[in-house]
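Chemist: Next up is a structure, given as structure tokens.
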Amino acid sequence: MTTETPPRPGFCRDCLAPQREGERRCRACGSPRLLFHSELFDLSIAHIDCDAFYASVEKRDNPDLADKPVIIGGGKRGVVSTACYIARIRGVRSAMPMFKALDACPDAIVIKPDMEKYSRVGREVRTMMQELTPLVQPLSIDEAFLDLSGTERLHHDPPARTLARLAARIEAEIGITVSVGLSYCKFLAKVASDLQKPRGFSVVGQAEAIDFLRDRPVTTIWGVGKAFAETLSRDGIRTIGQLQTMEEGDLMRRYGTMGQRLFHLSRGEDDRRVEIDGEAKSVSAETTFNEDIHRLDELTVHLRRLSEKVAFRLRRSSIAGHTVVLKLKTTDFKIRTRNRRLDSPTQLADRIFRTGLSMLEREADGTRFRLIGIGVNDLGDPARADPPDLVDRQAAQRAKAEAAMNALRDKFGRDSVETGYTFGRQRKPEPPTTE
């Protein structure tokens with residue numbers, strides 16, 4: 001006796017009307033964007049990712065760019081922050097050197113990043129997410145995990161339909177598109193959101209997890225980057241299915257704690273919760289020079305400007321940083337990072353700059369650099385930031401001067417006031433930031 005498989009539940013992603021499995025177009029609105037899955041109304045962990053976010057915002061603001069390849073990034077020696085899907089089809093990828101991107105897509109329109117605008121749009125999207133559930137864990141400016149467990153009574157719909165409604169609302173009200181991944185755990189929700197970009201909505205259920213993962217490359221697993229993938233490849237491991245046949249103890253003996261992660265994630269086992277404190281753990285800014293720089297005075301100008309950008313972002317986000325991190329990239333692409341923990345957290349460009357400068361002075365030994373960055377991590381409560389400095393008596397005066405400059409900048413624009421470090425110096429492009 002054969003047991004007949006029950007039809008999978010489904011609905012139209014455009015009008016949300018319920019659908020019968022086997023339909024190719026919505027019976028109510030005619031849309032082909034139908035969604036069916038056996039666990040569709042049982043899953044509540046989602047990952048939402050904005051599609052080609054920076055480029056989408058620029059195309060929204062300039063409709064003439066709609067059918068053109070667009071790259072967001074720095075100058076000739078910078079990198080691609082992101083590219084629209086037209087440019088991606090031609091081989092452009094995030095973090096690709098700009099000269100390679102333009103070789104692949106010579107007719108692309110290159111736009112300097114406008115991080116203030118992107119942050120503003122990102123906050124609009126996040127606000128809409130938080131209207132659905134308080135359990136929103138941002139991963140970056142344009143993506144976040146959501147846990148919609150227990151929200152069905154509030155929204156009078158299961159999470160899948162609530163998420164489809166959110167995606168439609170973001171597109172209608174903000175003017176950009178998102179892709180949604182829905183699953184029973186964070187790992188597979190994030191994998192799912194990448195499956196059908198752009199405007200995707202993919203579901204991975206618990207019953208299919210092992211089979212779904214089996215043929216996928218090991219790089220699908222969070223934390224397996226290029227270098228570790230090469231290590232696994234040398235050991236003959238290239239697919240997740242190979243990991244599924246291995247014992248946890250064997251993987252841990254070979255790869256330590258990472259082996260334990262490989263064992264569990266390869267089987268779709270992920271008990272991490274969506275944490276509302278999942279905000280970015282650092283705030284930074286960096287710039288790639290058009291020509292290599294080795295002189296301390298020239299590096300100092302860039303360091304000051306970047307410190308001001310970091311301080312601005314800290315104030316805007318109402319956070320403060322406890323550790324200052326200096327980043328330098330040499331002409332042969334080797335990265336140097338130096339960090340120093342402050343005795344109290346800060347939001348001040350002056351403290352960030354002076355701390356960074358003390359580290360930079362040790363590195364400016366004639367080495368030529370192609371990039372400099374400054375940032376802070378160990379983020380926390382701004383109420384504890386920048387107490388009176390009992391040693392540096394002039395620190396209070398500099399803090400007052402900075403507050404006055406910030407007030408003028410808020411009123412007249414970011415470029416309306418400059419310090420002696422940067423006044424009269426030629427401005428460089430906004431630092432490229434990979435999306």
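Residues in the structure tokens are named by chain (A, B, ... in the order shown) and by number from 1 within that chain; ligands are numbered from 1 in the order shown.
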Enumerate as a list in words all residues of range 126-163 of chain A assigned to helix (DSSP H, G or I) by DSSP on the backbone, naming them with the chain letters and numbers the document uses.
Modeler: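 For range 126-163 of chain A, the helix (DSSP H, G or I) set is Arg126, Thr127, Met128, Met129, Gln130, Glu131, Leu132, Glu152, Arg153, Leu154, His155, Pro159, Ala160, Arg161, Thr162 and Leu163 of chain A.
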Chemist: Set the distance at 9 Å and use only C-alpha atoms: which residues neighbour range 130-143 of chain A once local chain neighbours fewer than 3 positions away are removed? I'd like the list as a ChimeraX atom specification.
Modeler: /A:47-51,53-54,118-119,121-123,125-127,146-149,151,154-155,162-163,166,274-280,435
Chemist: Include N, CA and C atoms and write out the residues we just selected as a compact mmCIF listing (two decimals), in the first residue's frame.
Modeler:
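Once everything was written out, this is again-v8.txt:
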```txt
# COMPACT_ATOMS: atom_id res chain seq x y z
N HIS A 47 16.62 35.07 7.55
CA HIS A 47 17.73 35.97 7.23
C HIS A 47 17.28 36.82 6.06
N ILE A 48 17.36 38.14 6.23
CA ILE A 48 16.97 39.08 5.17
C ILE A 48 18.21 39.83 4.72
N ASP A 49 18.43 39.86 3.41
CA ASP A 49 19.62 40.49 2.83
C ASP A 49 19.16 41.41 1.71
N CYS A 50 19.54 42.69 1.78
CA CYS A 50 19.21 43.62 0.71
C CYS A 50 20.01 43.26 -0.54
N ASP A 51 19.37 43.34 -1.69
CA ASP A 51 20.00 42.94 -2.96
C ASP A 51 20.90 44.06 -3.48
N PHE A 53 22.96 46.17 -2.29
CA PHE A 53 22.36 47.27 -1.53
C PHE A 53 22.80 48.65 -2.01
N TYR A 54 24.11 48.94 -1.98
CA TYR A 54 24.56 50.29 -2.34
C TYR A 54 24.13 50.64 -3.76
N TYR A 118 23.55 55.37 2.67
CA TYR A 118 23.28 53.94 2.81
C TYR A 118 22.89 53.59 4.24
N SER A 119 23.55 54.23 5.21
CA SER A 119 23.21 53.98 6.61
C SER A 119 21.77 54.41 6.91
N VAL A 121 19.23 54.55 4.79
CA VAL A 121 18.31 53.59 4.19
C VAL A 121 18.32 52.28 4.98
N GLY A 122 19.52 51.86 5.41
CA GLY A 122 19.62 50.65 6.21
C GLY A 122 18.81 50.74 7.49
N ARG A 123 18.82 51.91 8.12
CA ARG A 123 18.04 52.09 9.35
C ARG A 123 16.54 52.03 9.06
N VAL A 125 15.12 50.20 6.75
CA VAL A 125 14.80 48.78 6.59
C VAL A 125 14.75 48.09 7.95
N ARG A 126 15.73 48.40 8.80
CA ARG A 126 15.78 47.75 10.11
C ARG A 126 14.56 48.12 10.95
N THR A 127 14.11 49.37 10.86
CA THR A 127 12.92 49.78 11.60
C THR A 127 11.71 48.96 11.20
N LEU A 146 16.16 37.42 11.83
CA LEU A 146 14.93 37.69 12.56
C LEU A 146 14.38 36.38 13.12
N ASP A 147 13.87 36.44 14.34
CA ASP A 147 13.17 35.31 14.93
C ASP A 147 11.71 35.73 15.11
N LEU A 148 10.82 35.11 14.32
CA LEU A 148 9.40 35.45 14.37
C LEU A 148 8.59 34.43 15.15
N SER A 149 9.26 33.65 16.00
CA SER A 149 8.54 32.68 16.83
C SER A 149 7.50 33.41 17.69
N THR A 151 4.90 35.12 16.77
CA THR A 151 4.32 36.36 16.24
C THR A 151 3.05 36.12 15.42
N LEU A 154 0.03 37.92 16.71
CA LEU A 154 0.16 39.37 16.57
C LEU A 154 -0.13 39.82 15.14
N HIS A 155 0.43 39.12 14.17
CA HIS A 155 0.31 39.54 12.77
C HIS A 155 -0.81 38.82 12.01
N THR A 162 4.19 36.77 6.71
CA THR A 162 4.59 38.05 7.28
C THR A 162 5.87 38.57 6.62
N LEU A 163 6.81 37.66 6.35
CA LEU A 163 8.07 38.04 5.70
C LEU A 163 7.84 38.46 4.25
N LEU A 166 6.55 41.89 4.33
CA LEU A 166 7.63 42.83 4.63
C LEU A 166 8.45 43.12 3.38
N VAL A 274 18.80 34.02 17.86
CA VAL A 274 18.85 35.38 17.32
C VAL A 274 18.99 36.33 18.50
N GLU A 275 20.11 37.03 18.56
CA GLU A 275 20.41 37.90 19.71
C GLU A 275 20.19 39.36 19.33
N ILE A 276 19.45 40.08 20.16
CA ILE A 276 19.15 41.47 19.83
C ILE A 276 20.36 42.38 20.03
N ASP A 277 21.42 41.88 20.68
CA ASP A 277 22.62 42.69 20.84
C ASP A 277 23.62 42.39 19.72
N GLY A 278 23.13 41.87 18.61
CA GLY A 278 24.03 41.49 17.53
C GLY A 278 24.44 42.63 16.64
N GLU A 279 24.54 43.85 17.16
CA GLU A 279 25.00 44.99 16.37
C GLU A 279 26.45 44.79 15.98
N ALA A 280 26.90 45.60 15.04
CA ALA A 280 28.29 45.54 14.61
C ALA A 280 29.21 45.66 15.82
N GLU A 435 30.63 45.65 0.85
CA GLU A 435 29.28 45.38 1.36
C GLU A 435 29.15 43.95 1.78
```
Chemist: Taking 3 positions as the minimum chain separation for residues in the same chain, which residues sit within 8 Å of range 355-370 of chain A when counting only C-alpha atoms? Answer as a VMD selection string.
Modeler: chain A and resid 288 to 296 300 303 324 to 326 328 to 331 338 to 340 351 to 352 374
Chemist: Mind dumping the selected residues with N, CA and C atoms as a short mmCIF file (atom, residue, chain, number, x, y, z; two decimals), in the first residue's frame?
Modeler:
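File written: again.cif
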```cif
data_model
loop_
_atom_site.label_atom_id
_atom_site.label_comp_id
_atom_site.auth_asym_id
_atom_site.auth_seq_id
_atom_site.Cartn_x
_atom_site.Cartn_y
_atom_site.Cartn_z
N THR A 288 41.98 53.84 0.30
CA THR A 288 43.07 53.35 -0.53
C THR A 288 43.62 54.53 -1.31
N PHE A 289 44.92 54.72 -1.26
CA PHE A 289 45.54 55.87 -1.91
C PHE A 289 45.65 55.66 -3.42
N ASN A 290 45.60 56.78 -4.16
CA ASN A 290 45.84 56.70 -5.60
C ASN A 290 47.31 56.38 -5.89
N GLU A 291 48.19 56.83 -5.00
CA GLU A 291 49.62 56.52 -5.10
C GLU A 291 50.11 56.13 -3.71
N ASP A 292 51.10 55.24 -3.66
CA ASP A 292 51.62 54.77 -2.38
C ASP A 292 52.18 55.94 -1.57
N ILE A 293 52.02 55.87 -0.26
CA ILE A 293 52.47 56.94 0.64
C ILE A 293 53.40 56.35 1.70
N HIS A 294 54.50 57.06 1.99
CA HIS A 294 55.39 56.61 3.06
C HIS A 294 55.65 57.70 4.08
N ARG A 295 55.37 58.95 3.75
CA ARG A 295 55.67 60.06 4.67
C ARG A 295 54.63 60.17 5.78
N LEU A 296 55.11 60.36 7.00
CA LEU A 296 54.23 60.44 8.16
C LEU A 296 53.25 61.60 8.04
N THR A 300 49.26 61.22 8.16
CA THR A 300 48.55 61.86 9.27
C THR A 300 47.28 62.56 8.79
N LEU A 303 44.71 59.96 8.35
CA LEU A 303 44.32 59.41 9.65
C LEU A 303 43.34 60.34 10.35
N VAL A 324 41.12 51.23 20.16
CA VAL A 324 41.40 51.86 18.86
C VAL A 324 42.26 50.91 18.04
N VAL A 325 41.89 50.71 16.77
CA VAL A 325 42.61 49.77 15.89
C VAL A 325 43.11 50.52 14.66
N LEU A 326 44.40 50.44 14.42
CA LEU A 326 45.02 51.03 13.22
C LEU A 326 45.26 49.92 12.20
N LEU A 328 46.97 49.15 8.31
CA LEU A 328 47.81 49.61 7.19
C LEU A 328 47.99 48.45 6.22
N LYS A 329 48.01 48.77 4.92
CA LYS A 329 48.27 47.75 3.92
C LYS A 329 49.47 48.20 3.09
N THR A 330 50.48 47.35 3.01
CA THR A 330 51.71 47.69 2.29
C THR A 330 51.50 47.50 0.79
N THR A 331 52.49 47.91 0.01
CA THR A 331 52.39 47.81 -1.45
C THR A 331 52.29 46.36 -1.92
N ARG A 338 47.36 47.27 14.39
CA ARG A 338 47.86 47.59 15.73
C ARG A 338 46.66 48.09 16.54
N ASN A 339 46.60 47.73 17.82
CA ASN A 339 45.47 48.20 18.62
C ASN A 339 45.93 48.63 20.00
N ARG A 340 45.15 49.51 20.57
CA ARG A 340 45.45 50.02 21.93
C ARG A 340 44.14 50.25 22.65
N ARG A 351 40.56 61.79 20.41
CA ARG A 351 41.18 60.67 21.11
C ARG A 351 41.50 59.53 20.15
N ILE A 352 40.59 59.27 19.21
CA ILE A 352 40.83 58.21 18.23
C ILE A 352 42.07 58.55 17.40
N ILE A 374 41.33 53.31 10.29
CA ILE A 374 41.28 53.49 11.74
C ILE A 374 39.88 53.10 12.20
#
```
Chemist: With a distance cut-off of 8 Å and only C-alpha atoms, select the neighbouring residues of range 250-266 of chain A, excluding the residue or stretch itself and same-chain residues fewer than 6 positions from it, and output the selection as a PDB file with all heavy atoms, in the first residue's frame.
Modeler:
```pdb
ATOM      1  N   PHE A 187      21.983  29.224  10.522  1.00  0.00           N
ATOM      2  CA  PHE A 187      22.901  28.808   9.471  1.00  0.00           C
ATOM      3  C   PHE A 187      22.162  28.598   8.153  1.00  0.00           C
ATOM      4  O   PHE A 187      22.532  29.148   7.103  1.00  0.00           O
ATOM      5  CB  PHE A 187      23.614  27.524   9.904  1.00  0.00           C
ATOM      6  CG  PHE A 187      24.370  26.820   8.809  1.00  0.00           C
ATOM      7  CD1 PHE A 187      25.274  27.502   8.001  1.00  0.00           C
ATOM      8  CD2 PHE A 187      24.178  25.455   8.588  1.00  0.00           C
ATOM      9  CE1 PHE A 187      25.968  26.849   6.989  1.00  0.00           C
ATOM     10  CE2 PHE A 187      24.865  24.795   7.579  1.00  0.00           C
ATOM     11  CZ  PHE A 187      25.761  25.489   6.777  1.00  0.00           C
ATOM     12  N   ILE A 210      19.847  17.532   5.668  1.00  0.00           N
ATOM     13  CA  ILE A 210      21.002  16.672   5.340  1.00  0.00           C
ATOM     14  C   ILE A 210      21.167  16.542   3.825  1.00  0.00           C
ATOM     15  O   ILE A 210      22.265  16.727   3.285  1.00  0.00           O
ATOM     16  CB  ILE A 210      20.831  15.276   5.976  1.00  0.00           C
ATOM     17  CG1 ILE A 210      20.820  15.371   7.512  1.00  0.00           C
ATOM     18  CG2 ILE A 210      21.938  14.338   5.501  1.00  0.00           C
ATOM     19  CD1 ILE A 210      22.148  15.685   8.124  1.00  0.00           C
ATOM     20  N   LEU A 213      22.267  19.857   2.077  1.00  0.00           N
ATOM     21  CA  LEU A 213      23.665  20.255   2.272  1.00  0.00           C
ATOM     22  C   LEU A 213      24.655  19.309   1.597  1.00  0.00           C
ATOM     23  O   LEU A 213      25.790  19.705   1.307  1.00  0.00           O
ATOM     24  CB  LEU A 213      23.974  20.308   3.772  1.00  0.00           C
ATOM     25  CG  LEU A 213      23.332  21.459   4.550  1.00  0.00           C
ATOM     26  CD1 LEU A 213      23.472  21.218   6.050  1.00  0.00           C
ATOM     27  CD2 LEU A 213      23.974  22.791   4.166  1.00  0.00           C
ATOM     28  N   ARG A 214      24.259  18.070   1.338  1.00  0.00           N
ATOM     29  CA  ARG A 214      25.200  17.006   0.986  1.00  0.00           C
ATOM     30  C   ARG A 214      26.150  17.387  -0.157  1.00  0.00           C
ATOM     31  O   ARG A 214      27.361  17.183  -0.059  1.00  0.00           O
ATOM     32  CB  ARG A 214      24.434  15.735   0.632  1.00  0.00           C
ATOM     33  CG  ARG A 214      25.350  14.572   0.279  1.00  0.00           C
ATOM     34  CD  ARG A 214      24.571  13.280   0.120  1.00  0.00           C
ATOM     35  NE  ARG A 214      24.023  12.840   1.408  1.00  0.00           N
ATOM     36  CZ  ARG A 214      22.725  12.704   1.678  1.00  0.00           C
ATOM     37  NH1 ARG A 214      21.829  12.981   0.736  1.00  0.00           N
ATOM     38  NH2 ARG A 214      22.316  12.308   2.868  1.00  0.00           N
ATOM     39  N   ILE A 221      29.796  26.475   4.691  1.00  0.00           N
ATOM     40  CA  ILE A 221      29.778  26.517   6.161  1.00  0.00           C
ATOM     41  C   ILE A 221      30.431  27.793   6.644  1.00  0.00           C
ATOM     42  O   ILE A 221      31.535  28.145   6.212  1.00  0.00           O
ATOM     43  CB  ILE A 221      30.488  25.286   6.750  1.00  0.00           C
ATOM     44  CG1 ILE A 221      29.694  24.020   6.402  1.00  0.00           C
ATOM     45  CG2 ILE A 221      30.672  25.412   8.251  1.00  0.00           C
ATOM     46  CD1 ILE A 221      30.342  22.734   6.869  1.00  0.00           C
ATOM     47  N   ILE A 240      30.253  19.072   1.714  1.00  0.00           N
ATOM     48  CA  ILE A 240      29.671  18.899   3.051  1.00  0.00           C
ATOM     49  C   ILE A 240      29.286  17.441   3.276  1.00  0.00           C
ATOM     50  O   ILE A 240      29.367  16.925   4.398  1.00  0.00           O
ATOM     51  CB  ILE A 240      28.463  19.836   3.221  1.00  0.00           C
ATOM     52  CG1 ILE A 240      28.942  21.298   3.236  1.00  0.00           C
ATOM     53  CG2 ILE A 240      27.685  19.509   4.490  1.00  0.00           C
ATOM     54  CD1 ILE A 240      27.840  22.322   3.380  1.00  0.00           C
ATOM     55  N   GLY A 241      28.890  16.750   2.202  1.00  0.00           N
ATOM     56  CA  GLY A 241      28.537  15.341   2.336  1.00  0.00           C
ATOM     57  C   GLY A 241      29.676  14.505   2.884  1.00  0.00           C
ATOM     58  O   GLY A 241      29.451  13.553   3.648  1.00  0.00           O
ATOM     59  N   LEU A 243      31.898  15.553   5.015  1.00  0.00           N
ATOM     60  CA  LEU A 243      31.925  15.842   6.459  1.00  0.00           C
ATOM     61  C   LEU A 243      30.838  15.060   7.192  1.00  0.00           C
ATOM     62  O   LEU A 243      31.022  14.652   8.339  1.00  0.00           O
ATOM     63  CB  LEU A 243      31.737  17.349   6.694  1.00  0.00           C
ATOM     64  CG  LEU A 243      32.860  18.266   6.230  1.00  0.00           C
ATOM     65  CD1 LEU A 243      32.417  19.727   6.311  1.00  0.00           C
ATOM     66  CD2 LEU A 243      34.121  18.061   7.070  1.00  0.00           C
ATOM     67  N   GLN A 244      29.705  14.857   6.526  1.00  0.00           N
ATOM     68  CA  GLN A 244      28.581  14.159   7.165  1.00  0.00           C
ATOM     69  C   GLN A 244      28.914  12.699   7.479  1.00  0.00           C
ATOM     70  O   GLN A 244      28.258  12.091   8.321  1.00  0.00           O
ATOM     71  CB  GLN A 244      27.352  14.228   6.252  1.00  0.00           C
ATOM     72  CG  GLN A 244      26.750  15.619   6.132  1.00  0.00           C
ATOM     73  CD  GLN A 244      25.653  15.693   5.092  1.00  0.00           C
ATOM     74  OE1 GLN A 244      25.462  14.767   4.302  1.00  0.00           O
ATOM     75  NE2 GLN A 244      24.917  16.798   5.077  1.00  0.00           N
TER      76      GLN A 244
END
```
Chemist: Report as an MDAnalysis selection string: the residues of range 229-362 of chain A with a DSSP assignment of strand (DSSP E or B), based on the backbone of this structure.
Modeler: chainID A and resid 239 282:293 320:330 335:346
Chemist: Write out as a count of residues only each polymer residue whose atoms come within 8 Å of Ser31 in chain A, counting only C-alpha atoms; drop sequence neighbours fewer than 6 positions from it.
Modeler: 3
Chemist: Which residue gives the smallest distance to Phe333 in chain A among A:Ala395, A:Arg272, A:Ala55, A:Pro97, with only C-alpha atoms counted?
Modeler: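 Of A:Ala395, A:Arg272, A:Ala55, A:Pro97, the one nearest Phe333 in chain A is A:Pro97, counting only C-alpha atoms.
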Chemist: Rank nothing, just name the residue among A:Arg267, A:Glu152, A:Phe228, A:Val301 nearest to Thr245 in chain A, using only C-alpha atoms.
Modeler: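 For Thr245 in chain A, the nearest of the candidates is A:Arg267.
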Chemist: Please provide as a tab-separated table (two decimals) with N, CA and C atoms, in the first residue's frame all residues within 12 Å of range 81-95 of chain A, with the sequence filter that same-chain residues fewer than 2 positions apart are discarded (counting only C-alpha atoms).
Modeler:
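Result file follows (result15.tsv):
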```
chain	number	residue	atom	x	y	z
A	50	CYS	N	19.54	42.69	1.78
A	50	CYS	CA	19.21	43.62	0.71
A	50	CYS	C	20.01	43.26	-0.54
A	51	ASP	N	19.37	43.34	-1.69
A	51	ASP	CA	20.00	42.94	-2.96
A	51	ASP	C	20.90	44.06	-3.48
A	52	ALA	N	22.22	43.74	-3.65
A	52	ALA	CA	23.18	44.71	-4.19
A	52	ALA	C	22.90	46.09	-3.61
A	53	PHE	N	22.96	46.17	-2.29
A	53	PHE	CA	22.36	47.27	-1.53
A	53	PHE	C	22.80	48.65	-2.01
A	54	TYR	N	24.11	48.94	-1.98
A	54	TYR	CA	24.56	50.29	-2.34
A	54	TYR	C	24.13	50.64	-3.76
A	55	ALA	N	24.33	49.70	-4.69
A	55	ALA	CA	23.97	49.97	-6.09
A	55	ALA	C	22.46	50.15	-6.23
A	56	SER	N	21.68	49.39	-5.48
A	56	SER	CA	20.22	49.51	-5.56
A	56	SER	C	19.75	50.88	-5.08
A	57	VAL	N	20.38	51.38	-4.03
A	57	VAL	CA	20.02	52.72	-3.53
A	57	VAL	C	20.34	53.78	-4.58
A	58	GLU	N	21.50	53.66	-5.22
A	58	GLU	CA	21.88	54.63	-6.26
A	58	GLU	C	20.92	54.55	-7.45
A	59	LYS	N	20.52	53.36	-7.84
A	59	LYS	CA	19.58	53.22	-8.96
A	59	LYS	C	18.20	53.75	-8.58
A	60	ARG	N	17.83	53.57	-7.33
A	60	ARG	CA	16.56	54.13	-6.87
A	60	ARG	C	16.56	55.65	-7.00
A	65	LEU	N	19.92	55.11	-14.26
A	65	LEU	CA	20.89	54.03	-14.08
A	65	LEU	C	20.24	52.65	-14.12
A	66	ALA	N	18.92	52.60	-14.26
A	66	ALA	CA	18.18	51.34	-14.07
A	66	ALA	C	18.72	50.19	-14.90
A	67	ASP	N	19.01	50.43	-16.18
A	67	ASP	CA	19.44	49.34	-17.05
A	67	ASP	C	20.92	49.39	-17.38
A	68	LYS	N	21.68	50.09	-16.52
A	68	LYS	CA	23.12	50.24	-16.75
A	68	LYS	C	23.93	49.49	-15.69
A	69	PRO	N	25.13	49.01	-16.05
A	69	PRO	CA	25.98	48.38	-15.03
A	69	PRO	C	26.56	49.44	-14.08
A	70	VAL	N	26.37	49.23	-12.81
A	70	VAL	CA	26.81	50.21	-11.80
A	70	VAL	C	27.75	49.53	-10.81
A	71	ILE	N	28.86	50.20	-10.55
A	71	ILE	CA	29.83	49.73	-9.54
A	71	ILE	C	29.97	50.82	-8.49
A	72	ILE	N	29.88	50.42	-7.24
A	72	ILE	CA	30.13	51.34	-6.13
A	72	ILE	C	31.53	51.04	-5.61
A	73	GLY	N	32.40	52.06	-5.59
A	73	GLY	CA	33.76	51.81	-5.14
A	73	GLY	C	34.63	53.05	-5.22
A	74	GLY	N	35.92	52.84	-4.92
A	74	GLY	CA	36.87	53.94	-4.87
A	74	GLY	C	37.50	54.22	-6.22
A	75	GLY	N	38.64	54.88	-6.19
A	75	GLY	CA	39.35	55.26	-7.41
A	75	GLY	C	40.01	54.06	-8.07
A	77	ARG	N	42.74	52.63	-7.77
A	77	ARG	CA	43.44	51.67	-6.93
A	77	ARG	C	42.57	51.17	-5.79
A	78	GLY	N	41.31	51.56	-5.80
A	78	GLY	CA	40.41	51.10	-4.76
A	78	GLY	C	39.83	49.73	-5.07
A	79	VAL	N	38.81	49.37	-4.33
A	79	VAL	CA	38.16	48.08	-4.53
A	79	VAL	C	36.67	48.30	-4.73
A	97	PRO	N	39.65	44.34	-7.03
A	97	PRO	CA	40.33	45.59	-7.35
A	97	PRO	C	39.62	46.32	-8.49
A	98	MET	N	39.54	47.64	-8.40
A	98	MET	CA	38.76	48.40	-9.36
A	98	MET	C	39.25	48.22	-10.79
A	99	PHE	N	40.58	48.13	-10.97
A	99	PHE	CA	41.09	48.01	-12.33
A	99	PHE	C	40.63	46.69	-12.97
A	100	LYS	N	40.53	45.63	-12.17
A	100	LYS	CA	40.04	44.35	-12.70
A	100	LYS	C	38.55	44.44	-13.03
A	101	ALA	N	37.80	45.14	-12.17
A	101	ALA	CA	36.36	45.29	-12.40
A	101	ALA	C	36.11	46.04	-13.71
A	102	LEU	N	36.90	47.08	-13.96
A	102	LEU	CA	36.71	47.87	-15.18
A	102	LEU	C	37.21	47.12	-16.41
A	103	ASP	N	38.15	46.22	-16.23
A	103	ASP	CA	38.54	45.35	-17.35
A	103	ASP	C	37.38	44.43	-17.72
A	104	ALA	N	36.70	43.91	-16.69
A	104	ALA	CA	35.59	42.99	-16.93
A	104	ALA	C	34.35	43.71	-17.46
A	105	CYS	N	34.17	44.95	-17.04
A	105	CYS	CA	32.96	45.70	-17.41
A	105	CYS	C	33.36	47.15	-17.69
A	106	PRO	N	33.98	47.41	-18.86
A	106	PRO	CA	34.52	48.75	-19.13
A	106	PRO	C	33.48	49.85	-19.24
A	107	ASP	N	32.22	49.50	-19.53
A	107	ASP	CA	31.19	50.54	-19.67
A	107	ASP	C	30.44	50.79	-18.36
A	108	ALA	N	30.96	50.24	-17.25
A	108	ALA	CA	30.29	50.43	-15.96
A	108	ALA	C	30.35	51.89	-15.52
A	109	ILE	N	29.32	52.30	-14.82
A	109	ILE	CA	29.29	53.61	-14.20
A	109	ILE	C	29.76	53.44	-12.76
A	110	VAL	N	30.86	54.11	-12.40
A	110	VAL	CA	31.45	53.98	-11.07
A	110	VAL	C	30.99	55.14	-10.20
A	111	ILE	N	30.46	54.83	-9.04
A	111	ILE	CA	29.94	55.84	-8.11
A	111	ILE	C	30.66	55.72	-6.78
A	112	LYS	N	31.11	56.84	-6.26
A	112	LYS	CA	31.76	56.88	-4.96
A	112	LYS	C	30.76	56.52	-3.86
A	113	PRO	N	31.15	55.71	-2.88
A	113	PRO	CA	30.19	55.33	-1.82
A	113	PRO	C	29.70	56.53	-1.02
A	114	ASP	N	28.43	56.54	-0.71
A	114	ASP	CA	27.82	57.56	0.15
A	114	ASP	C	27.30	56.85	1.39
A	115	MET	N	28.21	56.61	2.35
A	115	MET	CA	27.87	55.78	3.49
A	115	MET	C	26.77	56.38	4.36
A	142	ASP	N	23.09	46.03	5.84
A	142	ASP	CA	22.04	45.63	4.89
A	142	ASP	C	21.54	44.20	5.09
A	176	ILE	N	13.88	49.59	-2.71
A	176	ILE	CA	14.93	48.61	-2.97
A	176	ILE	C	14.33	47.22	-2.75
A	177	THR	N	15.06	46.19	-3.16
A	177	THR	CA	14.54	44.83	-2.99
A	177	THR	C	15.39	44.05	-2.01
A	197	LYS	N	18.71	35.11	-5.38
A	197	LYS	CA	18.83	36.56	-5.52
A	197	LYS	C	18.74	36.98	-6.98
A	198	PRO	N	18.21	38.18	-7.27
A	198	PRO	CA	17.55	39.11	-6.34
A	198	PRO	C	16.06	38.80	-6.19
A	199	ARG	N	15.43	39.44	-5.23
A	199	ARG	CA	14.00	39.30	-4.91
A	199	ARG	C	13.64	37.86	-4.60
A	430	GLU	N	35.85	59.04	-0.81
A	430	GLU	CA	35.30	58.30	0.34
A	430	GLU	C	35.92	56.92	0.37
A	431	PRO	N	36.34	56.45	1.55
A	431	PRO	CA	36.98	55.12	1.59
A	431	PRO	C	36.05	54.03	1.10
A	432	PRO	N	36.53	53.18	0.21
A	432	PRO	CA	35.69	52.08	-0.24
A	432	PRO	C	35.41	51.10	0.88
A	433	THR	N	34.18	50.65	0.96
A	433	THR	CA	33.79	49.72	2.02
A	433	THR	C	33.10	48.54	1.37
A	434	THR	N	33.59	47.34	1.60
A	434	THR	CA	32.95	46.18	0.97
A	434	THR	C	31.62	45.89	1.64
A	435	GLU	N	30.63	45.65	0.85
A	435	GLU	CA	29.28	45.38	1.36
A	435	GLU	C	29.15	43.95	1.78
```
